Amino acid sequence: MIYFDNAATTKPDKNALEFAKIYNEDNFFNPSALYVPGINTNNDIELARKNILKNVCDSGYDIIFTSCGTESDNTAVFSGVRHGYSITTKSEHSAIYKSFLTLKQKGNLVEFIEVDKFGSVNEDVLYEFVKNNKVDFVSIMHVNNETGAINDINKISAELKKINPNLIFHSDGVQAFGKIPFKLAQSVDLYSISAHKINGLKGVGALIKKKNINLSPYIIGGGQENNLRSGTENVFGIKVLEHVTKVHYDNIENNYSHVLELNNYVRENIDKDLFNVISSSEASPYILSISAIGLKGEIITHLLERDNIYVGNGSACSAKNPHSRVIKECGYGTKVLDGVIRISFSQDNTLDEVKILVEKLNFHAKKLKGIMRWEMPL
Ligand code: PLP
């Protein structure tokens, strides 16, 4: 199998089962328990907190463990919202986009800022809006999950705080964490991550939070996670997240260059008469969106599957919708939207795999276009 849908999920790290064994056999204790094994388990979580944070931020931040990136995003929005405007972009993942729609339905003041043709926020429109309105909460994603567009969230948050130092700035970092070499500036208050996008396990995410930001809890109960996210912690999932975070950050520069090489190979070698490239050359190299001209991306996706090659059709969370909302917001019409294919790489993909992918992409698109003669059945 050749797997190029790593923005949807990644293959779990080979050591994940070891952690599952440790924390489900010998050390299965509830981290809130007051006896020594419970306290030790709690200490293991505290260590994970520190070890994860040190890769992306300096002191002054804390971490709230959640069940996934979606929960981290929802927590940021529903815990961070105040009385003034909450603003976000038109190209956010549904975890943010639909949370904002919900805020709107509840009567909150909400604004969706337009994006450019690659999916990055229009910064001028954003700053102008914040200058002219009372804005309390801003959420701008770091790396777009469909186009790979990168928003310079350190710069954007600093600019926004110059206009209004009291607003809360959140960023969805699910497709950036462990992949894009980067440290959070102090102007970023909240940052969402998800374990399964970096070879961790499904069922664990985190909201990185500046210590001085006051949030009201989104999930209420036993008071875990400093009263901000109740529910017994997924200890082995958290320990796997700690492990894969280290593996990713120890290799982040090398992985980035490797994936960039793979991405460039596809860009340079797909047939330009058959495919348009949607992603900017400045985008995260981990995500490459292309569109098969005059063809249905979905059909090519299924033909590739017969070759044992897996790619995506935009966001996996919205695969049932005929067209990608995000690519539509980038300004494309039906013809391009029909043909969208998302190729998303991991550090484990090889150049040989990419060569096969390109050969098959060109082959299937040519065949569907009728440029190549269909083989006659025997
Ligand atoms: N945010 C972005 C940018 C994503 O790409 C995803 C998943 O695709 C999510 C949030 C949701 O993460 P999870 O699947 O962990 O809920």
# chains A, B, ... in the order shown; residues from 1 in each chain; ligands from 1
>>> residues_around(residues="Ile290 in chain A", least_positions_apart="5", cutoff="10 Å", atoms="only C-alpha atoms", output="PDB file with N, CA and C atoms, in the first residue's frame")
ATOM      1  N   THR A 147      -5.297  23.098   1.530  1.00  0.00           N
ATOM      2  CA  THR A 147      -4.341  23.677   0.567  1.00  0.00           C
ATOM      3  C   THR A 147      -2.920  23.725   1.122  1.00  0.00           C
ATOM      4  N   VAL A 266       6.189  15.988  -7.336  1.00  0.00           N
ATOM      5  CA  VAL A 266       4.824  15.897  -7.881  1.00  0.00           C
ATOM      6  C   VAL A 266       4.517  17.152  -8.683  1.00  0.00           C
ATOM      7  N   ARG A 267       4.806  18.322  -8.094  1.00  0.00           N
ATOM      8  CA  ARG A 267       4.527  19.586  -8.797  1.00  0.00           C
ATOM      9  C   ARG A 267       5.197  19.620 -10.173  1.00  0.00           C
ATOM     10  N   ILE A 270       3.740  16.212 -12.661  1.00  0.00           N
ATOM     11  CA  ILE A 270       2.378  15.923 -13.127  1.00  0.00           C
ATOM     12  C   ILE A 270       2.178  16.675 -14.437  1.00  0.00           C
ATOM     13  N   PHE A 275      -3.515  18.569 -15.143  1.00  0.00           N
ATOM     14  CA  PHE A 275      -3.723  18.968 -13.732  1.00  0.00           C
ATOM     15  C   PHE A 275      -3.354  20.429 -13.493  1.00  0.00           C
ATOM     16  N   ASN A 276      -4.166  21.092 -12.649  1.00  0.00           N
ATOM     17  CA  ASN A 276      -3.802  22.401 -12.101  1.00  0.00           C
ATOM     18  C   ASN A 276      -3.289  22.183 -10.682  1.00  0.00           C
ATOM     19  N   VAL A 277      -2.279  22.954 -10.298  1.00  0.00           N
ATOM     20  CA  VAL A 277      -1.845  22.915  -8.900  1.00  0.00           C
ATOM     21  C   VAL A 277      -2.584  24.025  -8.153  1.00  0.00           C
ATOM     22  N   ILE A 278      -3.261  23.672  -7.065  1.00  0.00           N
ATOM     23  CA  ILE A 278      -4.011  24.668  -6.285  1.00  0.00           C
ATOM     24  C   ILE A 278      -3.131  25.244  -5.169  1.00  0.00           C
ATOM     25  N   SER A 279      -2.339  24.398  -4.524  1.00  0.00           N
ATOM     26  CA  SER A 279      -1.545  24.859  -3.371  1.00  0.00           C
ATOM     27  C   SER A 279      -0.437  25.813  -3.805  1.00  0.00           C
ATOM     28  N   GLY A 297     -12.234  14.409  -9.471  1.00  0.00           N
ATOM     29  CA  GLY A 297     -11.157  13.951  -8.591  1.00  0.00           C
ATOM     30  C   GLY A 297     -11.511  12.633  -7.926  1.00  0.00           C
ATOM     31  N   ASN A 313      -9.632  13.550  -1.015  1.00  0.00           N
ATOM     32  CA  ASN A 313     -10.409  14.489  -1.849  1.00  0.00           C
ATOM     33  C   ASN A 313     -10.727  15.713  -1.011  1.00  0.00           C
ATOM     34  N   GLY A 314      -9.743  16.455  -0.587  1.00  0.00           N
ATOM     35  CA  GLY A 314     -10.047  17.564   0.314  1.00  0.00           C
ATOM     36  C   GLY A 314     -10.178  17.031   1.719  1.00  0.00           C
ATOM     37  N   VAL A 336     -12.927  23.350 -11.421  1.00  0.00           N
ATOM     38  CA  VAL A 336     -11.760  23.031 -10.585  1.00  0.00           C
ATOM     39  C   VAL A 336     -12.210  22.228  -9.370  1.00  0.00           C
ATOM     40  N   LEU A 337     -13.341  22.623  -8.799  1.00  0.00           N
ATOM     41  CA  LEU A 337     -13.826  21.944  -7.582  1.00  0.00           C
ATOM     42  C   LEU A 337     -14.102  20.461  -7.835  1.00  0.00           C
ATOM     43  N   GLY A 339     -12.543  18.523  -9.738  1.00  0.00           N
ATOM     44  CA  GLY A 339     -11.330  17.721  -9.977  1.00  0.00           C
ATOM     45  C   GLY A 339     -10.375  17.630  -8.805  1.00  0.00           C
ATOM     46  N   VAL A 340     -10.772  18.175  -7.634  1.00  0.00           N
ATOM     47  CA  VAL A 340      -9.792  18.300  -6.535  1.00  0.00           C
ATOM     48  C   VAL A 340      -9.317  16.940  -5.989  1.00  0.00           C
ATOM     49  N   ILE A 341      -8.000  16.857  -5.838  1.00  0.00           N
ATOM     50  CA  ILE A 341      -7.372  15.689  -5.205  1.00  0.00           C
ATOM     51  C   ILE A 341      -6.379  16.241  -4.185  1.00  0.00           C
ATOM     52  N   ARG A 342      -6.410  15.731  -2.957  1.00  0.00           N
ATOM     53  CA  ARG A 342      -5.430  16.186  -1.948  1.00  0.00           C
ATOM     54  C   ARG A 342      -4.407  15.078  -1.708  1.00  0.00           C
ATOM     55  N   ILE A 343      -3.154  15.432  -1.946  1.00  0.00           N
ATOM     56  CA  ILE A 343      -2.053  14.490  -1.674  1.00  0.00           C
ATOM     57  C   ILE A 343      -1.386  14.998  -0.400  1.00  0.00           C
TER      58      ILE A 343
END
>>> closest_atom_pairs(of="chain A", to="ligand 1", cutoff="10 Å", atoms="only C-alpha atoms and all ligand atoms", output="tab-separated table")
residue	atom	partner	partner_atom_place_in_ligand_line	distance
A:Asn6	CA	ligand 1	8 (O)	9.4
A:Ala7	CA	ligand 1	8 (O)	6.2
A:Ala8	CA	ligand 1	8 (O)	5.2
A:Thr9	CA	ligand 1	8 (O)	7.4
A:Thr66	CA	ligand 1	15 (O)	9.4
A:Ser67	CA	ligand 1	15 (O)	7.5
A:Cys68	CA	ligand 1	15 (O)	3.8
A:Gly69	CA	ligand 1	15 (O)	3.6
A:Thr70	CA	ligand 1	16 (O)	3.7
A:Glu71	CA	ligand 1	16 (O)	6.5
A:Ser72	CA	ligand 1	16 (O)	8.0
A:Asp73	CA	ligand 1	10 (C)	6.9
A:Asn74	CA	ligand 1	10 (C)	9.6
A:Ser91	CA	ligand 1	3 (C)	9.7
A:Glu92	CA	ligand 1	3 (C)	7.0
A:His93	CA	ligand 1	3 (C)	5.1
A:Ser94	CA	ligand 1	10 (C)	7.4
A:Ala95	CA	ligand 1	10 (C)	5.7
A:Ile96	CA	ligand 1	1 (N)	7.5
A:Tyr97	CA	ligand 1	1 (N)	9.9
A:Met141	CA	ligand 1	3 (C)	6.9
A:His142	CA	ligand 1	3 (C)	7.9
A:Val143	CA	ligand 1	3 (C)	6.7
A:Asn144	CA	ligand 1	3 (C)	5.9
A:Asn145	CA	ligand 1	5 (O)	4.5
A:Glu146	CA	ligand 1	5 (O)	7.8
A:Gly148	CA	ligand 1	3 (C)	9.5
A:Ser171	CA	ligand 1	3 (C)	9.5
A:Asp172	CA	ligand 1	1 (N)	5.8
A:Gly173	CA	ligand 1	3 (C)	6.6
A:Val174	CA	ligand 1	2 (C)	4.9
A:Gln175	CA	ligand 1	3 (C)	5.4
A:Ala176	CA	ligand 1	3 (C)	8.3
A:Ser192	CA	ligand 1	1 (N)	7.8
A:Ile193	CA	ligand 1	15 (O)	7.5
A:Ser194	CA	ligand 1	15 (O)	4.7
A:Ala195	CA	ligand 1	15 (O)	6.9
A:His196	CA	ligand 1	15 (O)	6.5
A:Lys197	CA	ligand 1	15 (O)	7.4
A:Leu201	CA	ligand 1	15 (O)	9.4
A:Lys202	CA	ligand 1	15 (O)	6.9
A:Gly203	CA	ligand 1	15 (O)	7.3
A:Val204	CA	ligand 1	15 (O)	7.1
A:Gly205	CA	ligand 1	15 (O)	6.2
A:Ala206	CA	ligand 1	15 (O)	9.2
A:Gly314	CA	ligand 1	8 (O)	9.8
A:Ser315	CA	ligand 1	8 (O)	6.5
A:Ala316	CA	ligand 1	8 (O)	6.6
A:Cys317	CA	ligand 1	8 (O)	6.5
A:Ser318	CA	ligand 1	8 (O)	9.6
>>> write_last_selection(atoms="C-alpha atoms", output="compact mmCIF listing (two decimals), in the first residue's frame")
# COMPACT_ATOMS: atom_id res chain seq x y z
CA ASN A 6 -1.52 11.77 5.98
CA ALA A 7 -3.47 14.99 6.57
CA ALA A 8 -6.48 12.76 7.34
CA THR A 9 -4.54 10.54 9.70
CA THR A 66 -8.43 16.71 25.18
CA SER A 67 -9.82 13.84 23.11
CA CYS A 68 -8.92 15.27 19.66
CA GLY A 69 -8.16 18.37 17.61
CA THR A 70 -11.88 19.03 17.21
CA GLU A 71 -12.38 19.14 20.97
CA SER A 72 -9.38 21.46 21.35
CA ASP A 73 -10.87 23.81 18.75
CA ASN A 74 -14.35 23.66 20.28
CA SER A 91 -11.14 28.58 5.12
CA GLU A 92 -11.05 27.03 8.61
CA HIS A 93 -11.54 23.35 9.27
CA SER A 94 -15.15 22.54 10.21
CA ALA A 95 -14.11 22.15 13.86
CA ILE A 96 -13.73 25.94 13.96
CA TYR A 97 -16.02 26.96 11.10
CA MET A 141 -5.58 28.47 11.49
CA HIS A 142 -1.83 27.91 11.19
CA VAL A 143 -1.71 25.48 8.24
CA ASN A 144 -4.77 24.92 6.07
CA ASN A 145 -5.72 21.24 5.96
CA GLU A 146 -6.79 21.35 2.30
CA GLY A 148 -1.45 23.68 3.05
CA SER A 171 -4.84 29.13 16.21
CA ASP A 172 -5.70 25.67 14.95
CA GLY A 173 -2.24 24.13 14.70
CA VAL A 174 -3.38 20.58 13.94
CA GLN A 175 -1.64 20.42 10.53
CA ALA A 176 1.41 22.40 11.66
CA SER A 192 -4.82 23.31 19.12
CA ILE A 193 -2.99 20.09 18.28
CA SER A 194 -3.98 16.49 17.55
CA ALA A 195 -1.94 13.33 18.18
CA HIS A 196 -3.08 11.21 15.24
CA LYS A 197 -1.73 13.68 12.67
CA LEU A 201 -3.16 7.67 18.46
CA LYS A 202 -6.70 8.71 17.71
CA GLY A 203 -8.46 9.92 20.83
CA VAL A 204 -5.89 12.46 22.06
CA GLY A 205 -5.46 16.14 21.39
CA ALA A 206 -4.38 19.17 23.35
CA GLY A 314 -10.05 17.56 0.31
CA SER A 315 -10.97 17.36 3.96
CA ALA A 316 -11.74 13.83 5.08
CA CYS A 317 -14.28 15.30 7.48
CA SER A 318 -16.36 16.60 4.57
>>> select_by_dssp(residues="range 62-141 of chain A", states="strand (DSSP E)", output="PyMOL selection string")
chain A and resi 62-66+85-89+110-113+135-139
>>> residues_around(residues="Asp273 in chain A", least_positions_apart="3", cutoff="12 Å", atoms="only C-alpha atoms", output="count of residues only")
13
>>> select_by_dssp(residues="range 177-251 of chain A", states="alpha helix (DSSP H)", output="PDB file with C-alpha atoms, in the first residue's frame")
ATOM      1  CA  VAL A 235      -2.853   8.219  29.892  1.00  0.00           C
ATOM      2  CA  PHE A 236      -1.332   5.933  27.277  1.00  0.00           C
ATOM      3  CA  GLY A 237      -2.547   8.177  24.463  1.00  0.00           C
ATOM      4  CA  ILE A 238      -0.937  11.157  26.189  1.00  0.00           C
ATOM      5  CA  LYS A 239       2.339   9.247  26.672  1.00  0.00           C
ATOM      6  CA  VAL A 240       2.308   8.266  22.991  1.00  0.00           C
ATOM      7  CA  LEU A 241       1.725  11.930  22.101  1.00  0.00           C
ATOM      8  CA  GLU A 242       4.734  12.874  24.252  1.00  0.00           C
ATOM      9  CA  HIS A 243       6.834  10.262  22.456  1.00  0.00           C
ATOM     10  CA  VAL A 244       5.800  11.132  18.893  1.00  0.00           C
ATOM     11  CA  THR A 245       6.198  14.840  19.632  1.00  0.00           C
ATOM     12  CA  LYS A 246       9.828  14.192  20.566  1.00  0.00           C
ATOM     13  CA  VAL A 247      10.403  12.013  17.506  1.00  0.00           C
ATOM     14  CA  HIS A 248       8.898  14.668  15.226  1.00  0.00           C
ATOM     15  CA  TYR A 249      10.707  17.649  16.762  1.00  0.00           C
ATOM     16  CA  ASP A 250      14.062  15.827  16.852  1.00  0.00           C
TER      17      ASP A 250
END
>>> residues_around(residues="Ile252 in chain A", least_positions_apart="4", cutoff="9 Å", atoms="only C-alpha atoms", output="PyMOL selection string")
chain A and resi 178-181+247-248+256-257
>>> write_last_selection(atoms="all heavy atoms", output="PDB file, in the first residue's frame")
ATOM      1  N   GLY A 178       4.549  19.724  14.897  1.00  0.00           N
ATOM      2  CA  GLY A 178       5.455  18.603  14.606  1.00  0.00           C
ATOM      3  C   GLY A 178       5.917  18.562  13.168  1.00  0.00           C
ATOM      4  O   GLY A 178       6.703  17.683  12.790  1.00  0.00           O
ATOM      5  N   LYS A 179       5.430  19.488  12.351  1.00  0.00           N
ATOM      6  CA  LYS A 179       5.754  19.450  10.917  1.00  0.00           C
ATOM      7  C   LYS A 179       6.455  20.726  10.453  1.00  0.00           C
ATOM      8  O   LYS A 179       7.408  20.678   9.686  1.00  0.00           O
ATOM      9  CB  LYS A 179       4.475  19.239  10.101  1.00  0.00           C
ATOM     10  CG  LYS A 179       3.802  17.914  10.427  1.00  0.00           C
ATOM     11  CD  LYS A 179       2.529  17.690   9.655  1.00  0.00           C
ATOM     12  CE  LYS A 179       1.951  16.328  10.038  1.00  0.00           C
ATOM     13  NZ  LYS A 179       0.675  16.052   9.398  1.00  0.00           N
ATOM     14  N   ILE A 180       5.936  21.872  10.890  1.00  0.00           N
ATOM     15  CA  ILE A 180       6.501  23.155  10.467  1.00  0.00           C
ATOM     16  C   ILE A 180       7.437  23.647  11.566  1.00  0.00           C
ATOM     17  O   ILE A 180       6.989  23.833  12.702  1.00  0.00           O
ATOM     18  CB  ILE A 180       5.371  24.207  10.256  1.00  0.00           C
ATOM     19  CG1 ILE A 180       4.283  23.676   9.332  1.00  0.00           C
ATOM     20  CG2 ILE A 180       5.924  25.542   9.782  1.00  0.00           C
ATOM     21  CD1 ILE A 180       4.695  23.497   7.888  1.00  0.00           C
ATOM     22  N   PRO A 181       8.724  23.855  11.264  1.00  0.00           N
ATOM     23  CA  PRO A 181       9.615  24.377  12.303  1.00  0.00           C
ATOM     24  C   PRO A 181       9.117  25.740  12.786  1.00  0.00           C
ATOM     25  O   PRO A 181       8.980  26.660  11.984  1.00  0.00           O
ATOM     26  CB  PRO A 181      10.968  24.515  11.571  1.00  0.00           C
ATOM     27  CG  PRO A 181      10.855  23.600  10.389  1.00  0.00           C
ATOM     28  CD  PRO A 181       9.407  23.607  10.002  1.00  0.00           C
ATOM     29  N   VAL A 247       9.876  12.575  18.757  1.00  0.00           N
ATOM     30  CA  VAL A 247      10.403  12.013  17.506  1.00  0.00           C
ATOM     31  C   VAL A 247      10.264  13.044  16.377  1.00  0.00           C
ATOM     32  O   VAL A 247      11.201  13.266  15.603  1.00  0.00           O
ATOM     33  CB  VAL A 247       9.671  10.693  17.141  1.00  0.00           C
ATOM     34  CG1 VAL A 247      10.087  10.191  15.771  1.00  0.00           C
ATOM     35  CG2 VAL A 247       9.914   9.626  18.202  1.00  0.00           C
ATOM     36  N   HIS A 248       9.119  13.698  16.309  1.00  0.00           N
ATOM     37  CA  HIS A 248       8.898  14.668  15.226  1.00  0.00           C
ATOM     38  C   HIS A 248       9.797  15.891  15.379  1.00  0.00           C
ATOM     39  O   HIS A 248      10.378  16.354  14.404  1.00  0.00           O
ATOM     40  CB  HIS A 248       7.420  15.075  15.138  1.00  0.00           C
ATOM     41  CG  HIS A 248       6.638  14.115  14.299  1.00  0.00           C
ATOM     42  ND1 HIS A 248       6.304  14.370  12.990  1.00  0.00           N
ATOM     43  CD2 HIS A 248       6.172  12.872  14.569  1.00  0.00           C
ATOM     44  CE1 HIS A 248       5.651  13.333  12.500  1.00  0.00           C
ATOM     45  NE2 HIS A 248       5.545  12.413  13.446  1.00  0.00           N
ATOM     46  N   TYR A 256      11.118  17.947   7.045  1.00  0.00           N
ATOM     47  CA  TYR A 256      10.577  19.038   6.215  1.00  0.00           C
ATOM     48  C   TYR A 256      11.260  19.023   4.841  1.00  0.00           C
ATOM     49  O   TYR A 256      10.589  19.083   3.807  1.00  0.00           O
ATOM     50  CB  TYR A 256      10.816  20.377   6.940  1.00  0.00           C
ATOM     51  CG  TYR A 256      10.138  21.564   6.305  1.00  0.00           C
ATOM     52  CD1 TYR A 256       8.885  21.979   6.738  1.00  0.00           C
ATOM     53  CD2 TYR A 256      10.752  22.282   5.275  1.00  0.00           C
ATOM     54  CE1 TYR A 256       8.254  23.071   6.169  1.00  0.00           C
ATOM     55  CE2 TYR A 256      10.123  23.377   4.698  1.00  0.00           C
ATOM     56  CZ  TYR A 256       8.881  23.770   5.154  1.00  0.00           C
ATOM     57  OH  TYR A 256       8.255  24.847   4.583  1.00  0.00           O
ATOM     58  N   SER A 257      12.597  18.919   4.831  1.00  0.00           N
ATOM     59  CA  SER A 257      13.303  18.934   3.535  1.00  0.00           C
ATOM     60  C   SER A 257      12.927  17.710   2.705  1.00  0.00           C
ATOM     61  O   SER A 257      12.764  17.801   1.491  1.00  0.00           O
ATOM     62  CB  SER A 257      14.823  18.902   3.684  1.00  0.00           C
ATOM     63  OG  SER A 257      15.239  19.589   4.761  1.00  0.00           O
TER      64      SER A 257
END
>>> residues_around(residues="range 80-90 of chain A", least_positions_apart="3", cutoff="8 Å", atoms="only C-alpha atoms", output="PDB file with N, CA and C atoms, in the first residue's frame")
ATOM      1  N   THR A  75     -13.170  23.741  22.408  1.00  0.00           N
ATOM      2  CA  THR A  75     -12.885  24.286  23.742  1.00  0.00           C
ATOM      3  C   THR A  75     -12.432  25.735  23.620  1.00  0.00           C
ATOM      4  N   ALA A  76     -11.527  25.976  22.665  1.00  0.00           N
ATOM      5  CA  ALA A  76     -11.013  27.344  22.481  1.00  0.00           C
ATOM      6  C   ALA A  76     -12.173  28.290  22.185  1.00  0.00           C
ATOM      7  N   VAL A  77     -13.034  27.900  21.249  1.00  0.00           N
ATOM      8  CA  VAL A  77     -14.116  28.802  20.823  1.00  0.00           C
ATOM      9  C   VAL A  77     -15.140  28.996  21.944  1.00  0.00           C
ATOM     10  N   TYR A  97     -14.999  26.296  11.935  1.00  0.00           N
ATOM     11  CA  TYR A  97     -16.015  26.960  11.100  1.00  0.00           C
ATOM     12  C   TYR A  97     -17.424  26.721  11.657  1.00  0.00           C
ATOM     13  N   PHE A 100     -18.172  28.400  14.941  1.00  0.00           N
ATOM     14  CA  PHE A 100     -18.531  29.808  14.755  1.00  0.00           C
ATOM     15  C   PHE A 100     -19.968  29.949  14.243  1.00  0.00           C
ATOM     16  N   ASN A 108     -24.446  35.319  19.006  1.00  0.00           N
ATOM     17  CA  ASN A 108     -23.172  36.027  19.219  1.00  0.00           C
ATOM     18  C   ASN A 108     -22.779  36.804  17.968  1.00  0.00           C
ATOM     19  N   LEU A 109     -21.965  37.815  18.146  1.00  0.00           N
ATOM     20  CA  LEU A 109     -21.451  38.569  17.001  1.00  0.00           C
ATOM     21  C   LEU A 109     -20.288  37.795  16.401  1.00  0.00           C
ATOM     22  N   VAL A 110     -20.412  37.478  15.120  1.00  0.00           N
ATOM     23  CA  VAL A 110     -19.425  36.620  14.463  1.00  0.00           C
ATOM     24  C   VAL A 110     -19.084  37.184  13.095  1.00  0.00           C
ATOM     25  N   GLU A 111     -17.812  37.087  12.694  1.00  0.00           N
ATOM     26  CA  GLU A 111     -17.440  37.518  11.347  1.00  0.00           C
ATOM     27  C   GLU A 111     -16.455  36.508  10.752  1.00  0.00           C
ATOM     28  N   PHE A 112     -16.676  36.165   9.475  1.00  0.00           N
ATOM     29  CA  PHE A 112     -15.759  35.265   8.762  1.00  0.00           C
ATOM     30  C   PHE A 112     -14.959  36.116   7.776  1.00  0.00           C
ATOM     31  N   ILE A 113     -13.645  36.135   7.924  1.00  0.00           N
ATOM     32  CA  ILE A 113     -12.797  36.988   7.074  1.00  0.00           C
ATOM     33  C   ILE A 113     -12.415  36.229   5.802  1.00  0.00           C
ATOM     34  N   GLU A 114     -12.408  36.960   4.687  1.00  0.00           N
ATOM     35  CA  GLU A 114     -12.113  36.310   3.405  1.00  0.00           C
ATOM     36  C   GLU A 114     -10.657  35.839   3.310  1.00  0.00           C
ATOM     37  N   VAL A 115     -10.438  34.917   2.380  1.00  0.00           N
ATOM     38  CA  VAL A 115      -9.091  34.351   2.193  1.00  0.00           C
ATOM     39  C   VAL A 115      -8.639  34.580   0.754  1.00  0.00           C
ATOM     40  N   VAL A 121      -5.530  33.873   5.149  1.00  0.00           N
ATOM     41  CA  VAL A 121      -6.421  34.981   5.503  1.00  0.00           C
ATOM     42  C   VAL A 121      -5.964  36.276   4.829  1.00  0.00           C
ATOM     43  N   ASN A 133     -14.138  47.420  14.985  1.00  0.00           N
ATOM     44  CA  ASN A 133     -15.148  46.721  15.792  1.00  0.00           C
ATOM     45  C   ASN A 133     -14.558  46.280  17.126  1.00  0.00           C
ATOM     46  N   LYS A 134     -15.445  46.017  18.081  1.00  0.00           N
ATOM     47  CA  LYS A 134     -14.972  45.496  19.363  1.00  0.00           C
ATOM     48  C   LYS A 134     -14.823  43.970  19.225  1.00  0.00           C
ATOM     49  N   VAL A 135     -13.585  43.537  19.036  1.00  0.00           N
ATOM     50  CA  VAL A 135     -13.333  42.105  18.808  1.00  0.00           C
ATOM     51  C   VAL A 135     -12.685  41.512  20.059  1.00  0.00           C
ATOM     52  N   ASP A 136     -13.254  40.416  20.553  1.00  0.00           N
ATOM     53  CA  ASP A 136     -12.718  39.787  21.764  1.00  0.00           C
ATOM     54  C   ASP A 136     -11.938  38.511  21.484  1.00  0.00           C
ATOM     55  N   PHE A 137     -12.298  37.844  20.380  1.00  0.00           N
ATOM     56  CA  PHE A 137     -11.728  36.506  20.152  1.00  0.00           C
ATOM     57  C   PHE A 137     -11.448  36.333  18.656  1.00  0.00           C
ATOM     58  N   VAL A 138     -10.225  35.880  18.347  1.00  0.00           N
ATOM     59  CA  VAL A 138      -9.853  35.662  16.937  1.00  0.00           C
ATOM     60  C   VAL A 138      -9.278  34.251  16.810  1.00  0.00           C
ATOM     61  N   SER A 139      -9.723  33.526  15.779  1.00  0.00           N
ATOM     62  CA  SER A 139      -9.157  32.202  15.522  1.00  0.00           C
ATOM     63  C   SER A 139      -8.712  32.129  14.064  1.00  0.00           C
ATOM     64  N   ILE A 140      -7.417  31.975  13.865  1.00  0.00           N
ATOM     65  CA  ILE A 140      -6.854  31.890  12.507  1.00  0.00           C
ATOM     66  C   ILE A 140      -6.001  30.626  12.454  1.00  0.00           C
ATOM     67  N   ILE A 168      -8.360  37.658  22.675  1.00  0.00           N
ATOM     68  CA  ILE A 168      -7.750  36.329  22.799  1.00  0.00           C
ATOM     69  C   ILE A 168      -7.470  35.824  21.390  1.00  0.00           C
ATOM     70  N   LEU A 215     -10.123  30.778  30.999  1.00  0.00           N
ATOM     71  CA  LEU A 215     -11.146  30.095  30.205  1.00  0.00           C
ATOM     72  C   LEU A 215     -12.174  29.503  31.149  1.00  0.00           C
ATOM     73  N   SER A 216     -13.432  29.454  30.681  1.00  0.00           N
ATOM     74  CA  SER A 216     -14.414  28.706  31.464  1.00  0.00           C
ATOM     75  C   SER A 216     -14.430  27.294  30.893  1.00  0.00           C
ATOM     76  N   VAL A 326     -13.714  24.921   1.364  1.00  0.00           N
ATOM     77  CA  VAL A 326     -12.481  25.702   1.484  1.00  0.00           C
ATOM     78  C   VAL A 326     -11.947  26.113   0.104  1.00  0.00           C
ATOM     79  N   GLU A 329     -13.989  28.776  -1.346  1.00  0.00           N
ATOM     80  CA  GLU A 329     -13.679  30.097  -0.765  1.00  0.00           C
ATOM     81  C   GLU A 329     -12.392  30.682  -1.343  1.00  0.00           C
TER      82      GLU A 329
END
>>> atom_distance(atom1="CA of Val56 in chain A", atom2="CA of Lys183 in chain A")
4.6 Å
>>> atom_distance(atom1="CA of Glu46 in chain A", atom2="CA of Gly200 in chain A")
18.1 Å
>>> closest_residue(among="A:Asn308, A:Asn27, A:Ser187, A:Asn234", to="Ile213 in chain A", atoms="only C-alpha atoms")
A:Ser187
>>> atom_distance(atom1="CA of Pro12 in chain A", atom2="CA of Leu262 in chain A")
21.2 Å
>>> residues_around(residues="range 152-160 of chain A", least_positions_apart="4", cutoff="7 Å", atoms="only C-alpha atoms", output="PyMOL selection string")
chain A and resi 127+142+164+169+184-185+187-188
>>> write_last_selection(atoms="N, CA, C and O atoms", output="mmCIF file, in the first residue's frame")
data_model
loop_
_atom_site.group_PDB
_atom_site.id
_atom_site.type_symbol
_atom_site.label_atom_id
_atom_site.label_comp_id
_atom_site.auth_asym_id
_atom_site.auth_seq_id
_atom_site.Cartn_x
_atom_site.Cartn_y
_atom_site.Cartn_z
ATOM 1 N N TYR A 127 -7.238 43.145 9.777
ATOM 2 C CA TYR A 127 -6.816 44.257 10.652
ATOM 3 C C TYR A 127 -7.852 45.387 10.631
ATOM 4 O O TYR A 127 -8.149 45.984 11.659
ATOM 5 N N HIS A 142 -3.250 27.782 11.519
ATOM 6 C CA HIS A 142 -1.826 27.912 11.190
ATOM 7 C C HIS A 142 -1.564 27.376 9.779
ATOM 8 O O HIS A 142 -1.116 28.106 8.920
ATOM 9 N N ASN A 164 -5.652 45.729 19.575
ATOM 10 C CA ASN A 164 -6.453 45.454 20.772
ATOM 11 C C ASN A 164 -5.733 44.425 21.650
ATOM 12 O O ASN A 164 -5.867 43.220 21.432
ATOM 13 N N PHE A 169 -6.226 35.372 21.159
ATOM 14 C CA PHE A 169 -5.880 34.850 19.836
ATOM 15 C C PHE A 169 -5.679 33.339 19.917
ATOM 16 O O PHE A 169 -4.820 32.838 20.652
ATOM 17 N N LEU A 184 5.815 29.237 19.195
ATOM 18 C CA LEU A 184 4.734 30.198 19.421
ATOM 19 C C LEU A 184 5.267 31.500 20.002
ATOM 20 O O LEU A 184 6.039 31.473 20.979
ATOM 21 N N ALA A 185 4.847 32.628 19.416
ATOM 22 C CA ALA A 185 5.151 33.930 20.017
ATOM 23 C C ALA A 185 4.192 34.142 21.178
ATOM 24 O O ALA A 185 3.106 33.539 21.211
ATOM 25 N N SER A 187 2.248 36.348 21.738
ATOM 26 C CA SER A 187 0.955 36.930 21.332
ATOM 27 C C SER A 187 -0.083 35.854 20.960
ATOM 28 O O SER A 187 -1.259 36.168 20.783
ATOM 29 N N VAL A 188 0.358 34.596 20.841
ATOM 30 C CA VAL A 188 -0.603 33.506 20.580
ATOM 31 C C VAL A 188 -1.057 32.965 21.942
ATOM 32 O O VAL A 188 -0.236 32.520 22.744
#
